[in-house]
Structure formats: C-alpha cells, structure tokens
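As provided, final.cif (mmCIF, C-alpha atoms, pLDDT in the B column; chains and numbers go by the auth columns) reads as follows.
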```cif
data_target
#
loop_
_atom_site.group_PDB
_atom_site.id
_atom_site.type_symbol
_atom_site.label_atom_id
_atom_site.label_comp_id
_atom_site.label_asym_id
_atom_site.label_seq_id
_atom_site.Cartn_x
_atom_site.Cartn_y
_atom_site.Cartn_z
_atom_site.B_iso_or_equiv
_atom_site.auth_seq_id
_atom_site.auth_asym_id
ATOM 1 C CA SER A 1 0.000 0.000 0.000 77.00 1095 Q
ATOM 2 C CA ALA A 2 1.079 3.580 -0.612 85.00 1096 Q
ATOM 3 C CA VAL A 3 2.471 5.590 2.291 91.00 1097 Q
ATOM 4 C CA ILE A 4 1.289 9.183 2.223 95.00 1098 Q
ATOM 5 C CA SER A 5 2.539 12.004 4.421 96.00 1099 Q
ATOM 6 C CA GLN A 6 1.176 15.511 4.786 97.00 1100 Q
ATOM 7 C CA LYS A 7 2.636 18.685 6.211 97.00 1101 Q
ATOM 8 C CA PRO A 8 1.659 20.447 8.357 97.00 1102 Q
ATOM 9 C CA SER A 9 -0.451 18.058 10.408 96.00 1103 Q
ATOM 10 C CA ARG A 10 -2.337 20.994 11.850 97.00 1104 Q
ATOM 11 C CA ASP A 11 -2.248 24.770 11.862 97.00 1105 Q
ATOM 12 C CA ILE A 12 -4.092 27.755 13.238 98.00 1106 Q
ATOM 13 C CA CYS A 13 -4.197 30.703 10.848 97.00 1107 Q
ATOM 14 C CA GLN A 14 -5.526 34.218 10.774 97.00 1108 Q
ATOM 15 C CA ARG A 15 -8.307 35.352 8.480 97.00 1109 Q
ATOM 16 C CA GLY A 16 -7.047 36.665 5.130 97.00 1110 Q
ATOM 17 C CA THR A 17 -3.816 34.673 5.103 97.00 1111 Q
ATOM 18 C CA SER A 18 -2.886 31.646 2.977 98.00 1112 Q
ATOM 19 C CA LEU A 19 -1.614 28.190 3.893 98.00 1113 Q
ATOM 20 C CA THR A 20 0.154 25.691 1.651 98.00 1114 Q
ATOM 21 C CA ILE A 21 -0.307 22.013 2.452 98.00 1115 Q
ATOM 22 C CA GLN A 22 2.179 19.464 1.179 98.00 1116 Q
ATOM 23 C CA CYS A 23 1.473 15.849 0.220 97.00 1117 Q
ATOM 24 C CA GLN A 24 4.263 13.335 -0.339 97.00 1118 Q
ATOM 25 C CA VAL A 25 3.778 9.748 -1.597 95.00 1119 Q
ATOM 26 C CA ASP A 26 6.353 6.970 -1.370 94.00 1120 Q
ATOM 27 C CA SER A 27 5.716 5.786 -4.939 92.00 1121 Q
ATOM 28 C CA GLN A 28 5.080 7.410 -8.289 92.00 1122 Q
ATOM 29 C CA VAL A 29 1.436 8.013 -9.102 90.00 1123 Q
ATOM 30 C CA THR A 30 -0.202 9.736 -12.034 88.00 1124 Q
ATOM 31 C CA MET A 31 -3.208 11.040 -10.149 89.00 1125 Q
ATOM 32 C CA MET A 32 -3.429 12.694 -6.755 93.00 1126 Q
ATOM 33 C CA PHE A 33 -6.620 13.956 -5.184 94.00 1127 Q
ATOM 34 C CA TRP A 34 -7.383 16.661 -2.652 97.00 1128 Q
ATOM 35 C CA TYR A 35 -10.432 16.368 -0.384 96.00 1129 Q
ATOM 36 C CA ARG A 36 -11.974 18.529 2.293 97.00 1130 Q
ATOM 37 C CA GLN A 37 -13.669 17.150 5.403 95.00 1131 Q
ATOM 38 C CA GLN A 38 -15.693 19.823 7.147 93.00 1132 Q
ATOM 39 C CA PRO A 39 -17.111 19.177 10.624 88.00 1133 Q
ATOM 40 C CA GLY A 40 -20.216 17.002 10.372 85.00 1134 Q
ATOM 41 C CA GLN A 41 -19.965 16.813 6.590 89.00 1135 Q
ATOM 42 C CA SER A 42 -18.913 14.227 4.019 89.00 1136 Q
ATOM 43 C CA LEU A 43 -15.461 14.153 2.529 93.00 1137 Q
ATOM 44 C CA THR A 44 -15.723 16.220 -0.617 94.00 1138 Q
ATOM 45 C CA LEU A 45 -13.349 16.188 -3.556 94.00 1139 Q
ATOM 46 C CA ILE A 46 -11.763 19.566 -4.239 96.00 1140 Q
ATOM 47 C CA ALA A 47 -9.671 18.704 -7.292 95.00 1141 Q
ATOM 48 C CA THR A 48 -7.706 16.062 -9.145 93.00 1142 Q
ATOM 49 C CA ALA A 49 -4.037 16.796 -9.800 92.00 1143 Q
ATOM 50 C CA ASN A 50 -2.294 15.075 -12.686 87.00 1144 Q
ATOM 51 C CA GLN A 51 1.415 15.549 -13.157 84.00 1145 Q
ATOM 52 C CA GLY A 52 2.132 17.734 -16.161 82.00 1146 Q
ATOM 53 C CA SER A 53 -1.314 19.222 -16.551 84.00 1147 Q
ATOM 54 C CA GLU A 54 -3.616 21.681 -14.865 89.00 1148 Q
ATOM 55 C CA ALA A 55 -5.628 20.426 -11.932 92.00 1149 Q
ATOM 56 C CA THR A 56 -9.290 19.643 -12.524 92.00 1150 Q
ATOM 57 C CA TYR A 57 -11.603 21.287 -9.987 95.00 1151 Q
ATOM 58 C CA GLU A 58 -14.974 20.034 -8.822 93.00 1152 Q
ATOM 59 C CA SER A 59 -18.059 22.196 -8.876 92.00 1153 Q
ATOM 60 C CA GLY A 60 -17.900 24.802 -6.144 94.00 1154 Q
ATOM 61 C CA PHE A 61 -14.107 24.939 -5.984 96.00 1155 Q
ATOM 62 C CA VAL A 62 -11.970 27.384 -7.964 96.00 1156 Q
ATOM 63 C CA ILE A 63 -8.294 27.666 -8.733 96.00 1157 Q
ATOM 64 C CA ASP A 64 -7.958 31.167 -7.287 97.00 1158 Q
ATOM 65 C CA LYS A 65 -9.063 29.902 -3.893 97.00 1159 Q
ATOM 66 C CA PHE A 66 -7.353 26.491 -3.980 98.00 1160 Q
ATOM 67 C CA PRO A 67 -4.315 26.622 -6.283 97.00 1161 Q
ATOM 68 C CA ILE A 68 -2.626 23.253 -6.697 96.00 1162 Q
ATOM 69 C CA SER A 69 0.846 22.333 -7.845 94.00 1163 Q
ATOM 70 C CA ARG A 70 2.010 18.923 -9.060 94.00 1164 Q
ATOM 71 C CA PRO A 71 5.715 19.249 -9.863 92.00 1165 Q
ATOM 72 C CA ASN A 72 6.454 15.504 -10.007 92.00 1166 Q
ATOM 73 C CA LEU A 73 4.899 12.062 -9.619 92.00 1167 Q
ATOM 74 C CA THR A 74 5.347 11.855 -5.839 94.00 1168 Q
ATOM 75 C CA PHE A 75 4.459 15.337 -4.601 95.00 1169 Q
ATOM 76 C CA SER A 76 1.642 17.881 -4.648 96.00 1170 Q
ATOM 77 C CA THR A 77 0.670 21.021 -2.792 97.00 1171 Q
ATOM 78 C CA LEU A 78 -2.715 22.597 -2.090 98.00 1172 Q
ATOM 79 C CA THR A 79 -2.898 26.255 -1.075 98.00 1173 Q
ATOM 80 C CA VAL A 80 -5.899 27.603 0.776 98.00 1174 Q
ATOM 81 C CA SER A 81 -5.929 31.298 -0.114 98.00 1175 Q
ATOM 82 C CA ASN A 82 -7.413 34.334 1.574 97.00 1176 Q
ATOM 83 C CA MET A 83 -8.762 32.154 4.355 97.00 1177 Q
ATOM 84 C CA SER A 84 -11.957 32.713 6.307 97.00 1178 Q
ATOM 85 C CA PRO A 85 -13.332 30.774 9.295 96.00 1179 Q
ATOM 86 C CA GLU A 86 -15.463 28.754 6.831 95.00 1180 Q
ATOM 87 C CA ASP A 87 -12.242 27.204 5.529 97.00 1181 Q
ATOM 88 C CA SER A 88 -11.650 25.529 8.899 97.00 1182 Q
ATOM 89 C CA SER A 89 -11.580 21.886 7.945 97.00 1183 Q
ATOM 90 C CA ILE A 90 -9.438 18.802 7.516 97.00 1184 Q
ATOM 91 C CA TYR A 91 -7.699 18.671 4.148 98.00 1185 Q
ATOM 92 C CA LEU A 92 -6.683 15.259 2.849 97.00 1186 Q
ATOM 93 C CA CYS A 93 -4.743 14.071 -0.152 97.00 1187 Q
ATOM 94 C CA SER A 94 -5.239 10.638 -1.653 95.00 1188 Q
ATOM 95 C CA VAL A 95 -3.893 8.440 -4.435 92.00 1189 Q
ATOM 96 C CA PRO A 96 -5.471 5.588 -6.397 88.00 1190 Q
ATOM 97 C CA ARG A 97 -5.046 2.147 -4.926 84.00 1191 Q
ATOM 98 C CA GLY A 98 -4.614 0.678 -8.398 75.00 1192 Q
ATOM 99 C CA GLY A 99 -4.947 -2.989 -9.183 65.00 1193 Q
ATOM 100 C CA GLY A 100 -7.957 -2.345 -11.378 62.00 1194 Q
ATOM 101 C CA THR A 101 -10.026 -0.949 -8.531 64.00 1195 Q
ATOM 102 C CA ASP A 102 -11.391 2.543 -8.124 71.00 1196 Q
ATOM 103 C CA THR A 103 -10.423 2.807 -4.453 84.00 1197 Q
ATOM 104 C CA GLN A 104 -8.005 5.310 -2.911 89.00 1198 Q
ATOM 105 C CA TYR A 105 -5.451 5.555 -0.126 92.00 1199 Q
ATOM 106 C CA PHE A 106 -5.602 8.646 2.065 94.00 1200 Q
ATOM 107 C CA GLY A 107 -3.000 10.667 3.869 95.00 1201 Q
ATOM 108 C CA PRO A 108 -3.321 11.551 7.565 96.00 1202 Q
ATOM 109 C CA GLY A 109 -4.843 14.943 6.833 97.00 1203 Q
ATOM 110 C CA THR A 110 -4.089 18.552 7.739 97.00 1204 Q
ATOM 111 C CA ARG A 111 -6.332 20.044 10.398 97.00 1205 Q
ATOM 112 C CA LEU A 112 -6.802 23.744 9.686 97.00 1206 Q
ATOM 113 C CA THR A 113 -8.405 26.253 12.022 97.00 1207 Q
ATOM 114 C CA VAL A 114 -8.977 29.788 10.780 97.00 1208 Q
ATOM 115 C CA LEU A 115 -9.594 32.489 13.391 96.00 1209 Q
ATOM 116 C CA GLN B 1 -31.695 14.156 -2.008 62.00 987 I
ATOM 117 C CA LYS B 2 -28.002 13.598 -1.299 72.00 988 I
ATOM 118 C CA GLU B 3 -26.218 11.007 -3.416 88.00 989 I
ATOM 119 C CA VAL B 4 -25.169 8.990 -0.378 93.00 990 I
ATOM 120 C CA GLU B 5 -27.045 8.893 2.915 94.00 991 I
ATOM 121 C CA GLN B 6 -25.520 7.538 6.102 94.00 992 I
ATOM 122 C CA ASP B 7 -26.855 7.783 9.633 86.00 993 I
ATOM 123 C CA PRO B 8 -24.188 9.645 11.630 83.00 994 I
ATOM 124 C CA GLY B 9 -25.106 7.955 14.912 85.00 995 I
ATOM 125 C CA PRO B 10 -23.454 7.897 17.365 92.00 996 I
ATOM 126 C CA LEU B 11 -23.818 4.165 17.810 95.00 997 I
ATOM 127 C CA SER B 12 -22.824 2.656 21.162 96.00 998 I
ATOM 128 C CA VAL B 13 -22.574 -1.103 21.676 97.00 999 I
ATOM 129 C CA PRO B 14 -21.047 -3.438 24.274 97.00 1000 I
ATOM 130 C CA GLU B 15 -17.985 -5.478 23.454 97.00 1001 I
ATOM 131 C CA GLY B 16 -18.867 -8.642 21.553 97.00 1002 I
ATOM 132 C CA ALA B 17 -21.983 -7.216 19.899 97.00 1003 I
ATOM 133 C CA ILE B 18 -22.741 -7.486 16.205 97.00 1004 I
ATOM 134 C CA VAL B 19 -22.716 -4.070 14.575 97.00 1005 I
ATOM 135 C CA SER B 20 -24.618 -3.162 11.428 96.00 1006 I
ATOM 136 C CA LEU B 21 -23.695 0.000 9.527 97.00 1007 I
ATOM 137 C CA ASN B 22 -25.631 1.077 6.461 96.00 1008 I
ATOM 138 C CA CYS B 23 -25.711 3.509 3.572 97.00 1009 I
ATOM 139 C CA THR B 24 -28.235 4.221 0.858 96.00 1010 I
ATOM 140 C CA TYR B 25 -27.495 5.873 -2.435 95.00 1011 I
ATOM 141 C CA SER B 26 -29.349 7.289 -5.393 93.00 1012 I
ATOM 142 C CA ASN B 27 -26.922 7.005 -8.335 90.00 1013 I
ATOM 143 C CA SER B 28 -27.384 3.690 -10.134 89.00 1014 I
ATOM 144 C CA ALA B 29 -24.062 4.219 -11.959 88.00 1015 I
ATOM 145 C CA PHE B 30 -22.040 3.448 -8.838 90.00 1016 I
ATOM 146 C CA GLN B 31 -20.062 0.247 -9.241 88.00 1017 I
ATOM 147 C CA TYR B 32 -17.408 0.341 -6.496 89.00 1018 I
ATOM 148 C CA PHE B 33 -18.540 0.357 -2.887 93.00 1019 I
ATOM 149 C CA MET B 34 -16.078 0.957 -0.099 94.00 1020 I
ATOM 150 C CA TRP B 35 -15.934 1.170 3.649 97.00 1021 I
ATOM 151 C CA TYR B 36 -13.307 3.314 5.307 96.00 1022 I
ATOM 152 C CA ARG B 37 -12.487 3.449 8.995 97.00 1023 I
ATOM 153 C CA GLN B 38 -11.282 6.718 10.452 95.00 1024 I
ATOM 154 C CA TYR B 39 -9.832 6.975 13.913 95.00 1025 I
ATOM 155 C CA SER B 40 -9.833 10.313 15.653 90.00 1026 I
ATOM 156 C CA ARG B 41 -7.277 12.709 14.165 87.00 1027 I
ATOM 157 C CA LYS B 42 -6.257 10.195 11.499 91.00 1028 I
ATOM 158 C CA GLY B 43 -6.896 9.831 7.776 93.00 1029 I
ATOM 159 C CA PRO B 44 -9.478 7.342 6.445 95.00 1030 I
ATOM 160 C CA GLU B 45 -8.203 3.764 6.168 94.00 1031 I
ATOM 161 C CA LEU B 46 -9.647 1.492 3.484 92.00 1032 I
ATOM 162 C CA LEU B 47 -11.363 -1.389 5.258 94.00 1033 I
ATOM 163 C CA MET B 48 -13.190 -3.247 2.508 92.00 1034 I
ATOM 164 C CA TYR B 49 -14.378 -2.737 -1.024 89.00 1035 I
ATOM 165 C CA THR B 50 -16.851 -4.544 -3.237 89.00 1036 I
ATOM 166 C CA TYR B 51 -17.373 -4.337 -6.945 85.00 1037 I
ATOM 167 C CA SER B 52 -21.023 -4.425 -8.022 83.00 1038 I
ATOM 168 C CA SER B 53 -23.417 -6.551 -5.960 84.00 1039 I
ATOM 169 C CA GLY B 54 -22.759 -9.321 -3.494 86.00 1040 I
ATOM 170 C CA ASN B 55 -21.054 -10.056 -0.242 91.00 1041 I
ATOM 171 C CA LYS B 56 -17.438 -9.963 0.831 93.00 1042 I
ATOM 172 C CA GLU B 57 -16.031 -11.249 4.092 95.00 1043 I
ATOM 173 C CA ASP B 58 -12.729 -10.427 5.757 94.00 1044 I
ATOM 174 C CA GLY B 59 -12.279 -11.755 9.257 96.00 1045 I
ATOM 175 C CA ARG B 60 -14.873 -10.156 11.514 97.00 1046 I
ATOM 176 C CA PHE B 61 -16.072 -7.826 8.775 97.00 1047 I
ATOM 177 C CA THR B 62 -18.683 -8.507 6.086 97.00 1048 I
ATOM 178 C CA ALA B 63 -19.651 -6.035 3.380 96.00 1049 I
ATOM 179 C CA GLN B 64 -22.926 -6.425 1.503 96.00 1050 I
ATOM 180 C CA VAL B 65 -24.160 -4.598 -1.571 95.00 1051 I
ATOM 181 C CA ASP B 66 -27.746 -4.709 -2.817 94.00 1052 I
ATOM 182 C CA LYS B 67 -27.811 -2.697 -6.015 92.00 1053 I
ATOM 183 C CA SER B 68 -31.508 -3.339 -6.604 92.00 1054 I
ATOM 184 C CA SER B 69 -32.288 -1.532 -3.348 93.00 1055 I
ATOM 185 C CA LYS B 70 -29.320 0.863 -3.610 94.00 1056 I
ATOM 186 C CA TYR B 71 -28.286 -0.209 -0.124 94.00 1057 I
ATOM 187 C CA ILE B 72 -24.943 -1.257 1.299 96.00 1058 I
ATOM 188 C CA SER B 73 -24.053 -2.639 4.711 96.00 1059 I
ATOM 189 C CA LEU B 74 -21.026 -3.368 6.832 97.00 1060 I
ATOM 190 C CA PHE B 75 -21.345 -5.953 9.588 97.00 1061 I
ATOM 191 C CA ILE B 76 -18.819 -6.228 12.400 97.00 1062 I
ATOM 192 C CA ARG B 77 -18.940 -9.430 14.421 97.00 1063 I
ATOM 193 C CA ASP B 78 -17.572 -9.776 17.942 97.00 1064 I
ATOM 194 C CA SER B 79 -16.975 -6.035 18.125 97.00 1065 I
ATOM 195 C CA GLN B 80 -13.942 -4.856 20.087 97.00 1066 I
ATOM 196 C CA PRO B 81 -13.122 -1.528 21.784 97.00 1067 I
ATOM 197 C CA SER B 82 -10.462 -1.079 19.082 97.00 1068 I
ATOM 198 C CA ASP B 83 -13.308 -0.920 16.526 97.00 1069 I
ATOM 199 C CA SER B 84 -14.380 2.399 18.044 97.00 1070 I
ATOM 200 C CA ALA B 85 -14.026 4.833 15.145 96.00 1071 I
ATOM 201 C CA THR B 86 -15.993 6.614 12.458 96.00 1072 I
ATOM 202 C CA TYR B 87 -16.994 4.405 9.533 97.00 1073 I
ATOM 203 C CA LEU B 88 -17.381 6.055 6.152 96.00 1074 I
ATOM 204 C CA CYS B 89 -19.078 4.490 3.179 97.00 1075 I
ATOM 205 C CA ALA B 90 -17.857 5.621 -0.235 95.00 1076 I
ATOM 206 C CA MET B 91 -18.848 4.874 -3.809 92.00 1077 I
ATOM 207 C CA SER B 92 -17.648 5.539 -7.311 88.00 1078 I
ATOM 208 C CA GLY B 93 -18.446 4.813 -10.918 80.00 1079 I
ATOM 209 C CA ASN B 94 -16.637 2.419 -13.179 63.00 1080 I
ATOM 210 C CA GLN B 95 -13.947 4.830 -14.315 64.00 1081 I
ATOM 211 C CA ALA B 96 -10.568 5.102 -12.622 58.00 1082 I
ATOM 212 C CA GLY B 97 -9.735 8.507 -11.245 59.00 1083 I
ATOM 213 C CA THR B 98 -13.264 9.636 -10.585 70.00 1084 I
ATOM 214 C CA ALA B 99 -14.309 11.185 -7.329 79.00 1085 I
ATOM 215 C CA LEU B 100 -15.269 8.993 -4.430 89.00 1086 I
ATOM 216 C CA ILE B 101 -18.658 10.027 -3.065 92.00 1087 I
ATOM 217 C CA PHE B 102 -18.758 9.646 0.690 94.00 1088 I
ATOM 218 C CA GLY B 103 -21.436 9.369 3.316 95.00 1089 I
ATOM 219 C CA LYS B 104 -21.083 11.555 6.383 93.00 1090 I
ATOM 220 C CA GLY B 105 -19.825 8.661 8.456 95.00 1091 I
ATOM 221 C CA THR B 106 -21.201 6.751 11.459 96.00 1092 I
ATOM 222 C CA THR B 107 -19.415 7.118 14.767 95.00 1093 I
ATOM 223 C CA LEU B 108 -19.176 3.792 16.606 96.00 1094 I
ATOM 224 C CA SER B 109 -18.242 3.333 20.232 97.00 1095 I
ATOM 225 C CA VAL B 110 -17.625 -0.166 21.610 97.00 1096 I
ATOM 226 C CA SER B 111 -17.469 -0.341 25.379 96.00 1097 I
ATOM 227 C CA SER B 112 -15.608 -3.049 27.295 93.00 1098 I
#
```
As a first step, turn the structure in this file into structure tokens.
Amino acid sequence: SAVISQKPSRDICQRGTSLTIQCQVDSQVTMMFWYRQQPGQSLTLIATANQGSEATYESGFVIDKFPISRPNLTFSTLTVSNMSPEDSSIYLCSVPRGGGTDTQYFGPGTRLTVL
Amino acid sequence: QKEVEQDPGPLSVPEGAIVSLNCTYSNSAFQYFMWYRQYSRKGPELLMYTYSSGNKEDGRFTAQVDKSSKYISLFIRDSQPSDSATYLCAMSGNQAGTALIFGKGTTLSVSS
C-alpha cells in the first residue's frame, strides 16, 4: 500500500492569510486527489491533480481559492488562499489504490483552524 | 436528495456485539462500494471494497451490496473496543480517477 505524508499536520491561521499544504507519496502516481472534510460533513473532492497538466476542480471549488501544484509524480501542494473561518476543515490528499479498482489511499490529513 | 445517505449515529454497543452499519445511495451508476475506517485525528483507512453486488467477508467484517435496493451494509462481528471509530461508506463509478462520493460517516463506540 502507498504511504502518504502531509505537512503540516495541523495549523491555526488568521483570516485573510494563505496556507500551503504538502502531500508526499512513497511511490510514483499519475493522479493525486485533494479532499476537504468539514465538521459534520462528508469528505468532498476539491480537485484532481495530474502531473504535467492543470488540476481539474470540482463544482464549487476554484483555482484562485485552492491553487494546486504537481511538480512531479510523488508530490503535490494545495494552497488555501485568503482564508476565512469557513475554511476551517481537515484537508486530505489521496492516491489511487490501483490494481484495477477505483479505491483510494488517504493521507493523515491537515487540520486547519482559521480564526 | 443527497447522493449517499448515512446515519451519523453515534452508535454505542457493548464489546462482543454485532454491529450493522448502512448507507443508501441514489446514483445507479455506482459500481465500487467501499468502507473506510477513520480513527480520531487520522486519515481514512480502506477497510473493505466490493465491486457491483454481493457479499465480501474479511475476518470479523462482512460487506454487503444490494444494487436493486441501492443499499450497502457493513457488519462487524464480535466487536472490540479497538473498533471504536468513524466508519465512512464511499462509492464511485466504473472509471478510474473519478471522485469517491462519501457518506457523512457513522461514529461507533464499543465499550468493554
């Protein structure tokens, strides 16, 4: 199974600032995914990041708010820009499990609190 | 109507009980059905997955999918305090790289 690490594990930020979250995988993967888990809500996909192309954003999420980088096959970053308290959430990256299945492995998450 | 409905609980059971967790869904295109376990302050861990309909057993865990009723279940036999976690159902279509659609999760507490 893939081993995924995220940095930071948690942070407390001020309104109007930005935070960049890093996701590192121990093997090369074409696709990486970024999800948001708000309190009491379902995990929701923010965007899919393919190496060498622009990220694909889900409805309700825009690049200006959540810019994503994918410089190589083992690393990605998600930036939460111009933060407000509504952005307080857990942010998770994931990668496909492979083997012909449509399942995913998840990282440990980044717990963000915006004051 | 949300695509995936899951009772958030909380669900409290004594050690040794049989636990039944369920999700309903509305999208008949879903083909992969997954159960994730998430401990507090951790990322979701893939517990079981099933393709299309049927049952799958792994130790104390059994996953069932009834596509005709759009209903999936996870059974935990001989529940242990270490099973205390939030259980998330997730589903996807038949195309790799598509979004997983999650339920809100059911919080389970097993008391010794």
Dump as a Markdown table the rows for residues of chain I within 10 Å of chain Q: closest atom pair and distance in Å with one decimal, only C-alpha atoms counted, ordered by chain and rising residue number.
```
| residue | atom | partner | partner_atom | distance |
| --- | --- | --- | --- | --- |
| I:Val990 | CA | Q:Ser1136 | CA | 9.3 |
| I:Glu991 | CA | Q:Ser1136 | CA | 9.8 |
| I:Gln992 | CA | Q:Ser1136 | CA | 9.6 |
| I:Pro994 | CA | Q:Gly1134 | CA | 8.5 |
| I:Gln1017 | CA | Q:Asp1196 | CA | 9.0 |
| I:Tyr1018 | CA | Q:Asp1196 | CA | 6.6 |
| I:Phe1019 | CA | Q:Thr1197 | CA | 8.6 |
| I:Met1020 | CA | Q:Thr1197 | CA | 7.4 |
| I:Trp1021 | CA | Q:Thr1197 | CA | 9.9 |
| I:Tyr1022 | CA | Q:Tyr1199 | CA | 9.8 |
| I:Gln1024 | CA | Q:Pro1202 | CA | 9.8 |
| I:Arg1027 | CA | Q:Pro1202 | CA | 7.8 |
| I:Lys1028 | CA | Q:Pro1202 | CA | 5.1 |
| I:Gly1029 | CA | Q:Pro1202 | CA | 4.0 |
| I:Pro1030 | CA | Q:Phe1200 | CA | 6.0 |
| I:Glu1031 | CA | Q:Phe1200 | CA | 6.9 |
| I:Leu1032 | CA | Q:Tyr1199 | CA | 6.9 |
| I:Met1034 | CA | Q:Thr1197 | CA | 9.6 |
| I:Tyr1035 | CA | Q:Thr1197 | CA | 7.6 |
| I:Thr1036 | CA | Q:Thr1195 | CA | 9.4 |
| I:Tyr1037 | CA | Q:Thr1195 | CA | 8.2 |
| I:Leu1074 | CA | Q:Ser1136 | CA | 8.6 |
| I:Cys1075 | CA | Q:Ser1136 | CA | 9.8 |
| I:Ala1076 | CA | Q:Thr1197 | CA | 9.0 |
| I:Met1077 | CA | Q:Thr1197 | CA | 8.7 |
| I:Ser1078 | CA | Q:Asp1196 | CA | 7.0 |
| I:Gly1079 | CA | Q:Asp1196 | CA | 7.9 |
| I:Asn1080 | CA | Q:Asp1196 | CA | 7.3 |
| I:Gln1081 | CA | Q:Asp1196 | CA | 7.1 |
| I:Ala1082 | CA | Q:Asp1196 | CA | 5.2 |
| I:Gly1083 | CA | Q:Asp1196 | CA | 6.9 |
| I:Thr1084 | CA | Q:Asp1196 | CA | 7.7 |
| I:Ala1085 | CA | Q:Leu1139 | CA | 6.3 |
| I:Leu1086 | CA | Q:Leu1139 | CA | 7.5 |
| I:Ile1087 | CA | Q:Thr1138 | CA | 7.3 |
| I:Phe1088 | CA | Q:Ser1136 | CA | 5.7 |
| I:Gly1089 | CA | Q:Ser1136 | CA | 5.5 |
| I:Lys1090 | CA | Q:Ser1136 | CA | 4.2 |
| I:Gly1091 | CA | Q:Ser1136 | CA | 7.2 |
```
- Which residues, written as a PyMOL selection string, have at least one atom at most 12 Å from Asp1052 of chain I, with only C-alpha atoms counted and residues fewer than 2 positions away on the same chain left out? chain I and resi 1008-1011+1014+1016-1017+1019+1036-1041+1049-1050+1054-1060
Preceding selection exported with C-alpha atoms as a compact mmCIF listing (two decimals), in the coordinates of the input:
```txt
# COMPACT_ATOMS: atom_id res chain seq x y z
CA ASN I 1008 -25.63 1.08 6.46
CA CYS I 1009 -25.71 3.51 3.57
CA THR I 1010 -28.24 4.22 0.86
CA TYR I 1011 -27.50 5.87 -2.44
CA SER I 1014 -27.38 3.69 -10.13
CA PHE I 1016 -22.04 3.45 -8.84
CA GLN I 1017 -20.06 0.25 -9.24
CA PHE I 1019 -18.54 0.36 -2.89
CA THR I 1036 -16.85 -4.54 -3.24
CA TYR I 1037 -17.37 -4.34 -6.94
CA SER I 1038 -21.02 -4.42 -8.02
CA SER I 1039 -23.42 -6.55 -5.96
CA GLY I 1040 -22.76 -9.32 -3.49
CA ASN I 1041 -21.05 -10.06 -0.24
CA ALA I 1049 -19.65 -6.04 3.38
CA GLN I 1050 -22.93 -6.42 1.50
CA SER I 1054 -31.51 -3.34 -6.60
CA SER I 1055 -32.29 -1.53 -3.35
CA LYS I 1056 -29.32 0.86 -3.61
CA TYR I 1057 -28.29 -0.21 -0.12
CA ILE I 1058 -24.94 -1.26 1.30
CA SER I 1059 -24.05 -2.64 4.71
CA LEU I 1060 -21.03 -3.37 6.83
```
- What separation in Å, quoted to one decimal, exists between atom CA of Thr1207 of chain Q and atom CA of Ser1178 of chain Q?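 Computing the Euclidean distance for atom CA of Thr1207 of chain Q and atom CA of Ser1178 of chain Q yields 9.3 Å.
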- Task: Would you kindly return, as an MDAnalysis selection string, each protein, DNA or RNA residue with an atom no farther than 6 Å from any atom of Leu1172 of chain Q, considering only C-alpha atoms and excluding same-chain residues fewer than 4 positions away?
- Result: chainID Q and resid 1114:1115 1162
- Query: Do you have the atom CA of Thr1092 of chain I-atom CA of Ala1015 of chain I distance handy?
  - Reply: 23.7 Å
Build an axis-aligned box that encloses every atom of segment 1177-1180 of chain Q listed in the file, pad it by 6 Å on each side, and report its centre and edge lengths in Å to one decimal, as lines of an AutoDock Vina configuration file.
```
center_x = -12.1
center_y = 30.7
center_z = 6.8
size_x = 18.7
size_y = 16.0
size_z = 16.9
```
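Here atom CA of Asp1105 of chain Q stands at a distance of 19.5 Å from atom CA of Tyr1025 of chain I.
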